[in-house]
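Asker: Below you'll find the structure I mean.
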Amino acid sequence: MSDTTTLAKPRNRRPSWVRRHSPPYWLSLVGGGWMLAFFLIPLVSGLIVSLETGNPLTGYHLTWNWSIYKQLFVHSDIPYTTFFLRSLYYGAATTILSILISYPMAYYIAFKVRDRWKSPLLFLVLLSFFVSFVIRTDMWSFILSNQGIVITALRKLHLVGKNFHILGTSNAVIGGDVYNNLAFMVLPIYVALERIDGRILEAARDLYANGRQVFLKVVLPLSRAGIFAGVLLVFITTVGDPVVSSLLGGVGTYTIGQAIQDSYLTNQQFNVAAALSTALMVVLGIIMFIYAKVFGTQNIENLV
Amino acid sequence: MPRRELLRTAGAGAGLLGLSSLLAACGIVGSDARGGADKVDWVSYWREQKRTGQLNFANWPLYIDSEHGKSESLVDFTKATGIKVDYEAVIQGDAPFYAAIEPLLSAQESTGYDIVVMTNGWYLTQLINSNFLVELDHSKLPNFANYASDLVKNPNYDPGNKYSVTWQTGFTGIAYNTKFIDRPITSFNDLADPAFKGHVGMMNDNVELGCAALLRMGVKPANSTPKQWAESTKWLEKQRELVLGYYDQSYIQYLENEDTWITQAWSGDVFQANLSGYPHLKYVVPKEGQVVWHDNMLIPRQAQNPLSALEWMNFYYTPKIAGIVEDWVNYVCPVPKAQQYIADVIKDPTVANSPLVFPPASITAQSNPYYVYKDYDEYETWNDTFNPIIE
Amino acid sequence: MASNVSVPEQRRRSPWLASFYWLVIFITFVPIIVMVLYSFNNAPTSRITFAWNGFTTYWYRNLTQVDGLSHAFVTSLEVALISAVVSVIVGTPLSMALGRYRFWGKGLISSMVFADIAAPAIVVGAASLSFFLSINLDTGLLTILIAHIAFNVAYVVVVVRARLSGMDSSIEDAARDLGAGPFTTFTRVTLPLLWPALLAAGLLAFAMSIDDYVITSFVAGSTVTFPLFVYGAAKVGLPPQVLCFGTIIFFVGLLLALANGVLNRRHLAARAATEDDATKIVVETKQPAAV
């Protein structure tokens, strides 16, 4: 019983202030350092490049050219502001549609199926994402083409006229975005719903709440964090996406994501691309900040 | 966020800004200052080269004869010269390929290829201006002098063929679907016919777009001025509401799938569409003229087997080999005598008699090359003029 | 938790919800079905054509015929594997720091992780390219790895930290009380408990890396990854072999997931059995004290 002498002595016998406080810093060194060097600093680097002038042959030099922002968004021949607003619209429409489609699905899996089916059904939602999204989106551009199954069927049923087409329209782009982001919205909402203790729902019903009231007053508010996470992911991904609008879009669907990609890779205007990219980041940051404040999520970093 | 955290974040932000300013104060080095800035004595360069047994050839997809994964032309080349060919169809666009090789050339490293194929245009001009290409030794290219057509000799973007010899030529004109359009199509103005609203396709390559608009005005693109460029956009802006989309090479899919009924098109794509289940698509040379462009074989600097590259170029410019390739690729052949070979030996009248593959003088007379930019500012002006239409 | 609902509640059927779910699932699978179907379509021009030209397995038998496709696929696998492993190794200590300690700068680092996940790929890609250009680092395989690890670390932190917060730290305290140093505690106690989360984080990082198009398109230089190849080819005309690759990947993934599900069930059953035994032992050892 009195074996204290055989117990090994703890190694940190003289914890200095440093020893006591340093572990988290050592632990965070590599990970934090990597993100600092290769995520944060490049973002600032993007801002700096946007203020440079020059061309790829003679090189770029920092001239603190803040007027580039006015040039791109106020005076430009190319309507970058329109692209911006259009991308924000696509983001909003996609987010709202996503919620409308994903919520019932998450609700179904969380509440209406037996435990042993939950994982498989959830898995089915994710299964199609195994295939590269570029391939899937390209397949859609065939399915939705004028000669494709969808339009031919609609025409045979006389539901649409001869001039009806889907590809090349904003709706095709939004549809593609919703399709590609489905899992990002279903998963967070499902996780949030799954955490709701079923007894609360029973209690509500015992207190004479009907189905609709239970949903609106109990379930929906409790799943707010899940919706918030989903909205964050879907909105931000959609606003910046260049792929869907280029594969499924046409005239009048050019997005800011495409503009950034083209100005970097095709037109070689490094400073323009950096400026557009920095502006996008700032605008999205502001929108998300306001959204978080309005919907009451206190400390954003605690979501992580 | 409590004020303390806000201040902390602001402080961190300022620190980052300062740090990155240090980094970026150097700016971005231009490609003129790197890589190609040295002067080269090409005569001694070629004298020093030794024959190797290898050739690394980068090209566009579906641009060489291919039967079950093997190319007869390449096999013949290896048999005749003993040089092994590593053929890679990795070029999918001028801009992305240029972006891929430019950093290597700027660092004076090898791109890994001895021959690359690029379309004439800004990127080719940049490669020439930045001194990233090897000057060809025409004493080793007698077949080019003997067999090449006039269309590919001494082009405006490479006078004297100092750096390039053409691999394939192409025409850009108009294609339409005869199932939906009865009347004959003859002019660029047909692309703006209100009857085709919502079914017109145009190219998003702003060079093709601009050339079409200039030709419609009666201006030859090669001799055009920036004022004329601005002038030509007026028609394009009016046409915009009729256009379904501005496409890259996928325009042919939209035409085949009947989303578009009439579109700007490349001659070879229409030829191949006719053969693969779409015989009702027709290519026409507009009365104002069509556009001609060339995909050219180039030797990038720091290539490891430049002599092999020259040998292939010489080997290709013969009726037999060019004929074998052309029978498969179906663009415009740079060797007119190959027509005989295809007709007599391969016995393929569809290709041999096609005016799209072996155009008669009347058609080549109507073919107009692109404008050649003198410097980056002109290139930017062209972009700034025509990009607003596409975007 | 939602399964705490009483049985009659749970069984209340809602055919509308069920049909809606299945309808959406069906729609998500339509392009997959098309892809599988057309990977067997004969295409005379070696580019996929949507006119049906007859059934053939030619493309499967000649998967490597397309220049650059297999190489791109292998490159993608390598990048995904390396970035997954490195980001787990780099991210786990960071998640432990964030999950177990309170220190100055914790809020900042957490915000940075959050921003890394939330930042749109196009901004990250453009910024990364600006950065590499500014420091004169040539784009290629190295820059792809750097950029992928940079975003994967954030995903790893989120997954591992979530698991850590659910883990009872009293086990680690007990180990320390028994004299184990921090390193031994970590390798003998924390790591085994954390292992499923590390695996999940690694798989997530692998998946995010292998399908990444936007960021990679900016920093790839002359290297070609699978999504880059497909996007470039989609503009020119997809070779049918791409569809074959997609089909193969899909079925391999499906099989792996099914196998994982089956193994999981057996593992859970085995664990339940041993837990029953463990409970019995605890009860029996407690008896004497009670007496």
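Note on naming: chains are A, B, ... as they come in the structure tokens, residues start from 1 per chain, ligands start from 1 in the order shown.
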Write out as a PDB file with N, CA and C atoms, in the first residue's frame which residues come within 10 Å of stretch 28-41 of chain A when counting only C-alpha atoms, dropping same-chain ones fewer than 3 positions away.
Answerer:
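Wrote result-v8.pdb, looks like this:
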ATOM      1  N   PRO A  23       4.485  24.469 -24.161  1.00  0.00           N
ATOM      2  CA  PRO A  23       4.009  23.368 -25.020  1.00  0.00           C
ATOM      3  C   PRO A  23       3.109  23.803 -26.172  1.00  0.00           C
ATOM      4  N   PRO A  24       2.072  24.614 -25.923  1.00  0.00           N
ATOM      5  CA  PRO A  24       1.213  24.920 -27.068  1.00  0.00           C
ATOM      6  C   PRO A  24       1.964  25.622 -28.185  1.00  0.00           C
ATOM      7  N   TYR A  25       2.965  26.414 -27.868  1.00  0.00           N
ATOM      8  CA  TYR A  25       3.685  27.112 -28.917  1.00  0.00           C
ATOM      9  C   TYR A  25       4.524  26.153 -29.737  1.00  0.00           C
ATOM     10  N   VAL A  44      -1.767  38.479 -48.419  1.00  0.00           N
ATOM     11  CA  VAL A  44      -1.245  39.837 -48.414  1.00  0.00           C
ATOM     12  C   VAL A  44      -0.438  40.094 -49.678  1.00  0.00           C
ATOM     13  N   SER A  45       0.300  39.063 -50.101  1.00  0.00           N
ATOM     14  CA  SER A  45       1.072  39.175 -51.330  1.00  0.00           C
ATOM     15  C   SER A  45       0.160  39.499 -52.502  1.00  0.00           C
ATOM     16  N   GLY A  46      -1.036  38.900 -52.509  1.00  0.00           N
ATOM     17  CA  GLY A  46      -1.994  39.206 -53.573  1.00  0.00           C
ATOM     18  C   GLY A  46      -2.354  40.678 -53.569  1.00  0.00           C
ATOM     19  N   LEU A  47      -2.555  41.217 -52.369  1.00  0.00           N
ATOM     20  CA  LEU A  47      -2.871  42.643 -52.271  1.00  0.00           C
ATOM     21  C   LEU A  47      -1.723  43.473 -52.833  1.00  0.00           C
TER      22      LEU A  47
ATOM     23  N   GLY B  13      -2.203  42.154 -38.412  1.00  0.00           N
ATOM     24  CA  GLY B  13      -2.363  42.467 -39.832  1.00  0.00           C
ATOM     25  C   GLY B  13      -1.288  43.419 -40.327  1.00  0.00           C
ATOM     26  N   LEU B  16       1.960  41.643 -40.750  1.00  0.00           N
ATOM     27  CA  LEU B  16       1.973  40.832 -41.970  1.00  0.00           C
ATOM     28  C   LEU B  16       2.201  41.700 -43.201  1.00  0.00           C
ATOM     29  N   LEU B  17       1.492  42.848 -43.202  1.00  0.00           N
ATOM     30  CA  LEU B  17       1.596  43.746 -44.341  1.00  0.00           C
ATOM     31  C   LEU B  17       3.043  44.190 -44.517  1.00  0.00           C
ATOM     32  N   LEU B  19       5.728  42.715 -43.449  1.00  0.00           N
ATOM     33  CA  LEU B  19       6.569  41.589 -43.862  1.00  0.00           C
ATOM     34  C   LEU B  19       6.450  41.323 -45.353  1.00  0.00           C
ATOM     35  N   SER B  20       5.197  41.317 -45.814  1.00  0.00           N
ATOM     36  CA  SER B  20       4.995  40.995 -47.221  1.00  0.00           C
ATOM     37  C   SER B  20       5.466  42.112 -48.131  1.00  0.00           C
ATOM     38  N   LEU B  23       8.877  41.450 -48.947  1.00  0.00           N
ATOM     39  CA  LEU B  23       9.003  40.416 -49.969  1.00  0.00           C
ATOM     40  C   LEU B  23       8.665  40.959 -51.343  1.00  0.00           C
TER      41      LEU B  23
ATOM     42  N   SER C  87      -0.007  16.733 -44.057  1.00  0.00           N
ATOM     43  CA  SER C  87      -0.908  17.636 -43.340  1.00  0.00           C
ATOM     44  C   SER C  87      -1.411  17.007 -42.047  1.00  0.00           C
ATOM     45  N   VAL C  88      -1.541  15.676 -41.997  1.00  0.00           N
ATOM     46  CA  VAL C  88      -1.927  15.051 -40.724  1.00  0.00           C
ATOM     47  C   VAL C  88      -0.786  15.200 -39.720  1.00  0.00           C
ATOM     48  N   ILE C  89       0.441  14.956 -40.176  1.00  0.00           N
ATOM     49  CA  ILE C  89       1.582  15.073 -39.277  1.00  0.00           C
ATOM     50  C   ILE C  89       1.735  16.508 -38.770  1.00  0.00           C
ATOM     51  N   VAL C  90       1.531  17.461 -39.668  1.00  0.00           N
ATOM     52  CA  VAL C  90       1.706  18.858 -39.294  1.00  0.00           C
ATOM     53  C   VAL C  90       0.517  19.368 -38.502  1.00  0.00           C
ATOM     54  N   GLY C  91      -0.694  18.898 -38.851  1.00  0.00           N
ATOM     55  CA  GLY C  91      -1.902  19.461 -38.254  1.00  0.00           C
ATOM     56  C   GLY C  91      -2.252  18.894 -36.896  1.00  0.00           C
ATOM     57  N   THR C  92      -1.846  17.646 -36.616  1.00  0.00           N
ATOM     58  CA  THR C  92      -2.250  17.054 -35.342  1.00  0.00           C
ATOM     59  C   THR C  92      -1.678  17.806 -34.138  1.00  0.00           C
ATOM     60  N   PRO C  93      -0.372  18.114 -34.111  1.00  0.00           N
ATOM     61  CA  PRO C  93       0.128  18.899 -32.970  1.00  0.00           C
ATOM     62  C   PRO C  93      -0.609  20.223 -32.825  1.00  0.00           C
ATOM     63  N   LEU C  94      -0.923  20.838 -33.965  1.00  0.00           N
ATOM     64  CA  LEU C  94      -1.620  22.115 -33.920  1.00  0.00           C
ATOM     65  C   LEU C  94      -3.001  21.941 -33.288  1.00  0.00           C
ATOM     66  N   SER C  95      -3.707  20.853 -33.658  1.00  0.00           N
ATOM     67  CA  SER C  95      -5.033  20.651 -33.064  1.00  0.00           C
ATOM     68  C   SER C  95      -4.931  20.376 -31.581  1.00  0.00           C
ATOM     69  N   MET C  96      -3.855  19.699 -31.171  1.00  0.00           N
ATOM     70  CA  MET C  96      -3.699  19.452 -29.738  1.00  0.00           C
ATOM     71  C   MET C  96      -3.481  20.761 -29.005  1.00  0.00           C
ATOM     72  N   ALA C  97      -2.667  21.623 -29.597  1.00  0.00           N
ATOM     73  CA  ALA C  97      -2.435  22.919 -28.966  1.00  0.00           C
ATOM     74  C   ALA C  97      -3.742  23.687 -28.825  1.00  0.00           C
ATOM     75  N   LEU C  98      -4.541  23.679 -29.895  1.00  0.00           N
ATOM     76  CA  LEU C  98      -5.780  24.430 -29.852  1.00  0.00           C
ATOM     77  C   LEU C  98      -6.824  23.758 -28.985  1.00  0.00           C
ATOM     78  N   LYS C 106      -4.190  32.034 -29.295  1.00  0.00           N
ATOM     79  CA  LYS C 106      -5.058  30.910 -29.671  1.00  0.00           C
ATOM     80  C   LYS C 106      -6.202  31.396 -30.543  1.00  0.00           C
ATOM     81  N   ILE C 109      -4.938  32.111 -34.078  1.00  0.00           N
ATOM     82  CA  ILE C 109      -4.668  30.909 -34.877  1.00  0.00           C
ATOM     83  C   ILE C 109      -5.984  30.223 -35.263  1.00  0.00           C
ATOM     84  N   SER C 110      -6.936  30.183 -34.300  1.00  0.00           N
ATOM     85  CA  SER C 110      -8.227  29.586 -34.644  1.00  0.00           C
ATOM     86  C   SER C 110      -8.884  30.326 -35.784  1.00  0.00           C
ATOM     87  N   MET C 112      -7.422  31.938 -38.055  1.00  0.00           N
ATOM     88  CA  MET C 112      -6.678  31.653 -39.285  1.00  0.00           C
ATOM     89  C   MET C 112      -7.114  30.324 -39.877  1.00  0.00           C
ATOM     90  N   VAL C 113      -7.299  29.329 -38.999  1.00  0.00           N
ATOM     91  CA  VAL C 113      -7.762  28.028 -39.488  1.00  0.00           C
ATOM     92  C   VAL C 113      -9.140  28.170 -40.119  1.00  0.00           C
ATOM     93  N   ALA C 115     -10.433  30.865 -41.414  1.00  0.00           N
ATOM     94  CA  ALA C 115     -10.322  31.598 -42.674  1.00  0.00           C
ATOM     95  C   ALA C 115      -9.789  30.691 -43.775  1.00  0.00           C
ATOM     96  N   ASP C 116      -8.880  29.789 -43.427  1.00  0.00           N
ATOM     97  CA  ASP C 116      -8.293  28.891 -44.423  1.00  0.00           C
ATOM     98  C   ASP C 116      -9.363  28.013 -45.044  1.00  0.00           C
ATOM     99  N   ALA C 119     -12.015  30.485 -46.981  1.00  0.00           N
ATOM    100  CA  ALA C 119     -11.566  31.302 -48.115  1.00  0.00           C
ATOM    101  C   ALA C 119     -11.876  30.622 -49.443  1.00  0.00           C
ATOM    102  N   VAL C 124      -7.528  31.957 -52.914  1.00  0.00           N
ATOM    103  CA  VAL C 124      -6.321  31.289 -52.422  1.00  0.00           C
ATOM    104  C   VAL C 124      -5.382  30.957 -53.573  1.00  0.00           C
ATOM    105  N   GLY C 125      -5.949  30.471 -54.673  1.00  0.00           N
ATOM    106  CA  GLY C 125      -5.123  30.123 -55.822  1.00  0.00           C
ATOM    107  C   GLY C 125      -4.419  31.332 -56.400  1.00  0.00           C
ATOM    108  N   ALA C 127      -3.846  34.188 -54.973  1.00  0.00           N
ATOM    109  CA  ALA C 127      -2.890  34.738 -54.014  1.00  0.00           C
ATOM    110  C   ALA C 127      -1.623  33.890 -53.964  1.00  0.00           C
ATOM    111  N   SER C 128      -1.783  32.573 -53.979  1.00  0.00           N
ATOM    112  CA  SER C 128      -0.610  31.707 -53.949  1.00  0.00           C
ATOM    113  C   SER C 128       0.272  31.958 -55.156  1.00  0.00           C
ATOM    114  N   PHE C 131       2.155  35.081 -54.749  1.00  0.00           N
ATOM    115  CA  PHE C 131       3.239  34.886 -53.795  1.00  0.00           C
ATOM    116  C   PHE C 131       4.427  34.182 -54.446  1.00  0.00           C
ATOM    117  N   PHE C 132       4.167  33.086 -55.152  1.00  0.00           N
ATOM    118  CA  PHE C 132       5.268  32.335 -55.756  1.00  0.00           C
ATOM    119  C   PHE C 132       5.989  33.168 -56.808  1.00  0.00           C
ATOM    120  N   THR C 143       5.182  23.488 -55.685  1.00  0.00           N
ATOM    121  CA  THR C 143       4.198  24.496 -55.305  1.00  0.00           C
ATOM    122  C   THR C 143       2.810  23.880 -55.150  1.00  0.00           C
ATOM    123  N   ILE C 146       2.893  22.405 -51.690  1.00  0.00           N
ATOM    124  CA  ILE C 146       2.838  23.453 -50.669  1.00  0.00           C
ATOM    125  C   ILE C 146       1.413  23.970 -50.517  1.00  0.00           C
ATOM    126  N   ALA C 147       0.777  24.284 -51.625  1.00  0.00           N
ATOM    127  CA  ALA C 147      -0.567  24.856 -51.561  1.00  0.00           C
ATOM    128  C   ALA C 147      -1.576  23.844 -51.012  1.00  0.00           C
ATOM    129  N   HIS C 148      -1.471  22.579 -51.443  1.00  0.00           N
ATOM    130  CA  HIS C 148      -2.421  21.573 -50.964  1.00  0.00           C
ATOM    131  C   HIS C 148      -2.273  21.348 -49.472  1.00  0.00           C
ATOM    132  N   ILE C 149      -1.024  21.253 -49.008  1.00  0.00           N
ATOM    133  CA  ILE C 149      -0.824  21.048 -47.570  1.00  0.00           C
ATOM    134  C   ILE C 149      -1.385  22.243 -46.810  1.00  0.00           C
ATOM    135  N   ALA C 150      -1.198  23.448 -47.351  1.00  0.00           N
ATOM    136  CA  ALA C 150      -1.679  24.641 -46.664  1.00  0.00           C
ATOM    137  C   ALA C 150      -3.178  24.569 -46.411  1.00  0.00           C
ATOM    138  N   PHE C 151      -3.977  24.128 -47.374  1.00  0.00           N
ATOM    139  CA  PHE C 151      -5.402  24.067 -47.064  1.00  0.00           C
ATOM    140  C   PHE C 151      -5.800  22.788 -46.345  1.00  0.00           C
ATOM    141  N   ASN C 152      -5.040  21.702 -46.567  1.00  0.00           N
ATOM    142  CA  ASN C 152      -5.396  20.460 -45.897  1.00  0.00           C
ATOM    143  C   ASN C 152      -5.160  20.510 -44.395  1.00  0.00           C
ATOM    144  N   VAL C 153      -4.142  21.267 -43.977  1.00  0.00           N
ATOM    145  CA  VAL C 153      -3.864  21.363 -42.542  1.00  0.00           C
ATOM    146  C   VAL C 153      -5.098  21.870 -41.806  1.00  0.00           C
ATOM    147  N   ALA C 154      -5.786  22.841 -42.398  1.00  0.00           N
ATOM    148  CA  ALA C 154      -6.980  23.390 -41.751  1.00  0.00           C
ATOM    149  C   ALA C 154      -8.054  22.317 -41.595  1.00  0.00           C
ATOM    150  N   VAL C 157      -7.094  20.012 -38.796  1.00  0.00           N
ATOM    151  CA  VAL C 157      -7.288  20.629 -37.484  1.00  0.00           C
ATOM    152  C   VAL C 157      -8.753  20.541 -37.074  1.00  0.00           C
TER     153      VAL C 157
END
Asker: Check the DSSP output for the backbone and give back, as a count of residues only, the residues of stretch 49-162 of chain B in alpha helix (DSSP H).
Answerer: 37
Asker: Give me, please, the distance in Å between atom CA of C:Tyr58 and atom CA of C:Phe245, quoted to one decimal.
Answerer: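 Atom CA of C:Phe245 lies 13.2 Å from atom CA of C:Tyr58.
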Asker: List the spatial neighbours of C:Leu69 as number ranges by chain - criterion: any atom at most 12 Å away, only C-alpha atoms, same-chain residues fewer than 5 positions off excluded.
Answerer: B: 61, 88-90; C: 62-64, 74-76, 223-233, 238-246
Asker: Using only C-alpha atoms, find the one residue out of C:Tyr38, C:Trp16, C:Trp195, C:Phe114 that sits nearest to chain A.
Answerer: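 Looking at the shortest contact to chain A, the residue is C:Phe114.
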Asker: For chain C, report every residue with an atom at most 10 Å from chain B (counting only C-alpha atoms), formatted as a PyMOL selection string.
Answerer: chain C and resi 43-47+49-53+58+62+64-69+105+107-108+111+130-140+217-224+229+231-237+239
Asker: Keeping only N, CA and C atoms, write the selected residues as a CSV table (one decimal), in the first residue's frame.
Answerer:
chain,number,residue,atom,x,y,z
C,43,ALA,N,-16.5,5.2,-80.2
C,43,ALA,CA,-16.3,6.6,-80.7
C,43,ALA,C,-15.3,6.6,-81.8
C,44,PRO,N,-15.7,6.8,-83.0
C,44,PRO,CA,-14.8,6.7,-84.1
C,44,PRO,C,-13.7,7.8,-84.1
C,45,THR,N,-14.0,8.9,-83.5
C,45,THR,CA,-12.9,10.0,-83.6
C,45,THR,C,-12.1,10.0,-82.3
C,46,SER,N,-12.3,8.9,-81.5
C,46,SER,CA,-11.5,8.8,-80.2
C,46,SER,C,-11.8,10.0,-79.2
C,47,ARG,N,-12.9,10.7,-79.5
C,47,ARG,CA,-13.4,11.7,-78.5
C,47,ARG,C,-14.8,11.3,-78.2
C,49,THR,N,-18.5,11.0,-78.1
C,49,THR,CA,-19.6,11.6,-78.9
C,49,THR,C,-20.9,11.0,-78.3
C,50,PHE,N,-21.9,11.9,-78.4
C,50,PHE,CA,-23.1,11.4,-77.7
C,50,PHE,C,-24.0,10.7,-78.6
C,51,ALA,N,-23.7,10.5,-79.8
C,51,ALA,CA,-24.5,9.6,-80.6
C,51,ALA,C,-24.0,8.2,-80.3
C,52,TRP,N,-25.0,7.3,-80.0
C,52,TRP,CA,-24.6,5.9,-79.6
C,52,TRP,C,-24.1,5.1,-80.8
C,53,ASN,N,-22.9,4.7,-80.7
C,53,ASN,CA,-22.3,4.0,-81.9
C,53,ASN,C,-22.0,2.5,-81.6
C,58,TYR,N,-13.4,-1.5,-75.7
C,58,TYR,CA,-12.1,-1.1,-76.3
C,58,TYR,C,-11.3,-0.1,-75.4
C,62,ASN,N,-7.6,-0.2,-73.5
C,62,ASN,CA,-6.5,0.7,-73.9
C,62,ASN,C,-6.5,1.9,-73.0
C,64,THR,N,-4.2,3.2,-71.2
C,64,THR,CA,-3.0,4.1,-71.2
C,64,THR,C,-2.7,4.7,-72.6
C,65,GLN,N,-3.6,4.6,-73.5
C,65,GLN,CA,-3.3,5.0,-74.8
C,65,GLN,C,-3.3,6.6,-74.9
C,66,VAL,N,-4.1,7.2,-74.1
C,66,VAL,CA,-4.2,8.7,-74.2
C,66,VAL,C,-2.9,9.3,-73.5
C,67,ASP,N,-2.2,10.1,-74.3
C,67,ASP,CA,-1.0,10.7,-73.8
C,67,ASP,C,-1.3,11.6,-72.6
C,68,GLY,N,-0.6,11.4,-71.5
C,68,GLY,CA,-0.7,12.3,-70.4
C,68,GLY,C,-1.8,11.9,-69.4
C,69,LEU,N,-2.7,11.1,-69.8
C,69,LEU,CA,-3.9,10.8,-68.9
C,69,LEU,C,-3.4,10.0,-67.7
C,105,GLY,N,-2.8,34.1,-28.4
C,105,GLY,CA,-2.6,33.8,-29.8
C,105,GLY,C,-3.5,32.7,-30.3
C,107,GLY,N,-6.8,32.5,-30.2
C,107,GLY,CA,-7.9,33.1,-31.0
C,107,GLY,C,-7.5,33.4,-32.4
C,108,LEU,N,-6.3,34.0,-32.5
C,108,LEU,CA,-5.8,34.4,-33.8
C,108,LEU,C,-5.6,33.1,-34.7
C,111,SER,N,-8.8,31.7,-35.7
C,111,SER,CA,-9.4,32.4,-36.8
C,111,SER,C,-8.7,32.1,-38.1
C,130,SER,N,0.5,34.7,-56.9
C,130,SER,CA,1.1,36.0,-56.7
C,130,SER,C,2.3,35.9,-55.8
C,131,PHE,N,2.2,35.1,-54.7
C,131,PHE,CA,3.2,34.9,-53.8
C,131,PHE,C,4.4,34.2,-54.4
C,132,PHE,N,4.2,33.1,-55.2
C,132,PHE,CA,5.3,32.3,-55.8
C,132,PHE,C,6.0,33.2,-56.8
C,133,LEU,N,5.2,34.0,-57.6
C,133,LEU,CA,5.9,34.8,-58.5
C,133,LEU,C,6.8,35.9,-57.8
C,134,SER,N,6.2,36.4,-56.7
C,134,SER,CA,7.0,37.4,-56.0
C,134,SER,C,8.3,36.9,-55.5
C,135,ILE,N,8.3,35.7,-55.0
C,135,ILE,CA,9.6,35.2,-54.4
C,135,ILE,C,10.3,34.4,-55.5
C,136,ASN,N,9.9,34.4,-56.7
C,136,ASN,CA,10.6,33.8,-57.8
C,136,ASN,C,10.7,32.3,-57.7
C,137,LEU,N,9.7,31.7,-57.1
C,137,LEU,CA,9.7,30.2,-57.0
C,137,LEU,C,8.9,29.7,-58.2
C,138,ASP,N,9.6,28.8,-59.0
C,138,ASP,CA,8.9,28.3,-60.2
C,138,ASP,C,7.8,27.4,-59.8
C,139,THR,N,6.7,27.5,-60.5
C,139,THR,CA,5.5,26.7,-60.2
C,139,THR,C,5.7,25.3,-60.7
C,140,GLY,N,5.2,24.3,-60.0
C,140,GLY,CA,5.3,22.9,-60.4
C,140,GLY,C,4.9,22.0,-59.3
C,217,SER,N,-5.0,24.8,-60.6
C,217,SER,CA,-4.8,25.4,-61.9
C,217,SER,C,-3.9,26.6,-61.9
C,218,PHE,N,-3.8,27.3,-60.7
C,218,PHE,CA,-3.0,28.4,-60.6
C,218,PHE,C,-1.5,28.1,-60.4
C,219,VAL,N,-1.3,27.0,-59.6
C,219,VAL,CA,0.1,26.8,-59.1
C,219,VAL,C,0.8,25.6,-59.7
C,220,ALA,N,0.1,25.0,-60.8
C,220,ALA,CA,0.7,23.8,-61.3
C,220,ALA,C,1.9,23.9,-62.2
C,221,GLY,N,2.0,25.1,-62.9
C,221,GLY,CA,3.1,25.2,-63.8
C,221,GLY,C,3.0,24.2,-64.9
C,222,SER,N,4.0,23.4,-65.2
C,222,SER,CA,3.9,22.4,-66.3
C,222,SER,C,3.4,21.1,-65.8
C,223,THR,N,3.2,20.9,-64.5
C,223,THR,CA,2.7,19.6,-64.0
C,223,THR,C,1.2,19.5,-64.3
C,224,VAL,N,0.8,18.3,-64.7
C,224,VAL,CA,-0.7,18.1,-65.0
C,224,VAL,C,-1.2,17.1,-64.0
C,229,PHE,N,-6.2,17.8,-66.2
C,229,PHE,CA,-6.3,17.1,-67.5
C,229,PHE,C,-7.7,17.1,-68.0
C,231,TYR,N,-10.3,18.9,-67.2
C,231,TYR,CA,-10.9,20.2,-67.6
C,231,TYR,C,-10.3,20.6,-69.0
C,232,GLY,N,-9.0,20.5,-69.1
C,232,GLY,CA,-8.4,20.9,-70.4
C,232,GLY,C,-9.0,20.1,-71.6
C,233,ALA,N,-9.1,18.8,-71.3
C,233,ALA,CA,-9.6,17.9,-72.4
C,233,ALA,C,-11.1,18.2,-72.7
C,234,ALA,N,-11.9,18.5,-71.6
C,234,ALA,CA,-13.3,18.8,-71.8
C,234,ALA,C,-13.5,19.9,-72.9
C,235,LYS,N,-12.5,20.8,-72.9
C,235,LYS,CA,-12.6,21.9,-73.9
C,235,LYS,C,-12.4,21.4,-75.3
C,236,VAL,N,-11.5,20.4,-75.4
C,236,VAL,CA,-11.2,19.9,-76.8
C,236,VAL,C,-12.0,18.7,-77.2
C,237,GLY,N,-12.5,18.0,-76.3
C,237,GLY,CA,-13.2,16.7,-76.6
C,237,GLY,C,-12.6,15.6,-75.7
C,239,PRO,N,-11.4,12.3,-74.2
C,239,PRO,CA,-11.2,10.9,-74.7
C,239,PRO,C,-12.1,10.0,-73.8
Asker: Env of B:Asp65: 10 Å cut, atoms = only C-alpha atoms, seq-sep filter 5 positions within chain, self excluded. Answer as a PyMOL selection string.
Answerer: chain B and resi 70-74+321-330
Asker: Neighbouring residues of stretch 134-144 of chain A were defined as those with any atom within 7 Å, considering only C-alpha atoms; residues of the same chain fewer than 4 positions away were excluded. Please report them as a count of residues only.
Answerer: 17
Asker: Run DSSP on the backbone of this structure and report the residues of stretch 21-200 of chain B it assigns to strand (DSSP E), as an NGL selection string.
Answerer: :B and (54-58 or 84-88 or 116-119 or 164-177 or 200)
Asker: I need the chain A residues near chain B as number ranges by chain; criterion: at most 7 Å, counting only C-alpha atoms.
Answerer: A: 41, 44-45, 48, 56-62, 77-78, 145-147, 168, 250-251, 254, 265-266
Asker: What lies within 12 Å of A:Val282 using only C-alpha atoms, ignoring chain neighbours under 4 positions off, as a list in words?
Answerer: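 Those residues are Leu43, Val44, Gly46, Leu47, Ile236, Ala275, Leu276, Ser277, Thr278, Ile286, Ile287, Met288 and Phe289 of chain A; Ala115, Ala119, Pro120 and Val123 of chain C.
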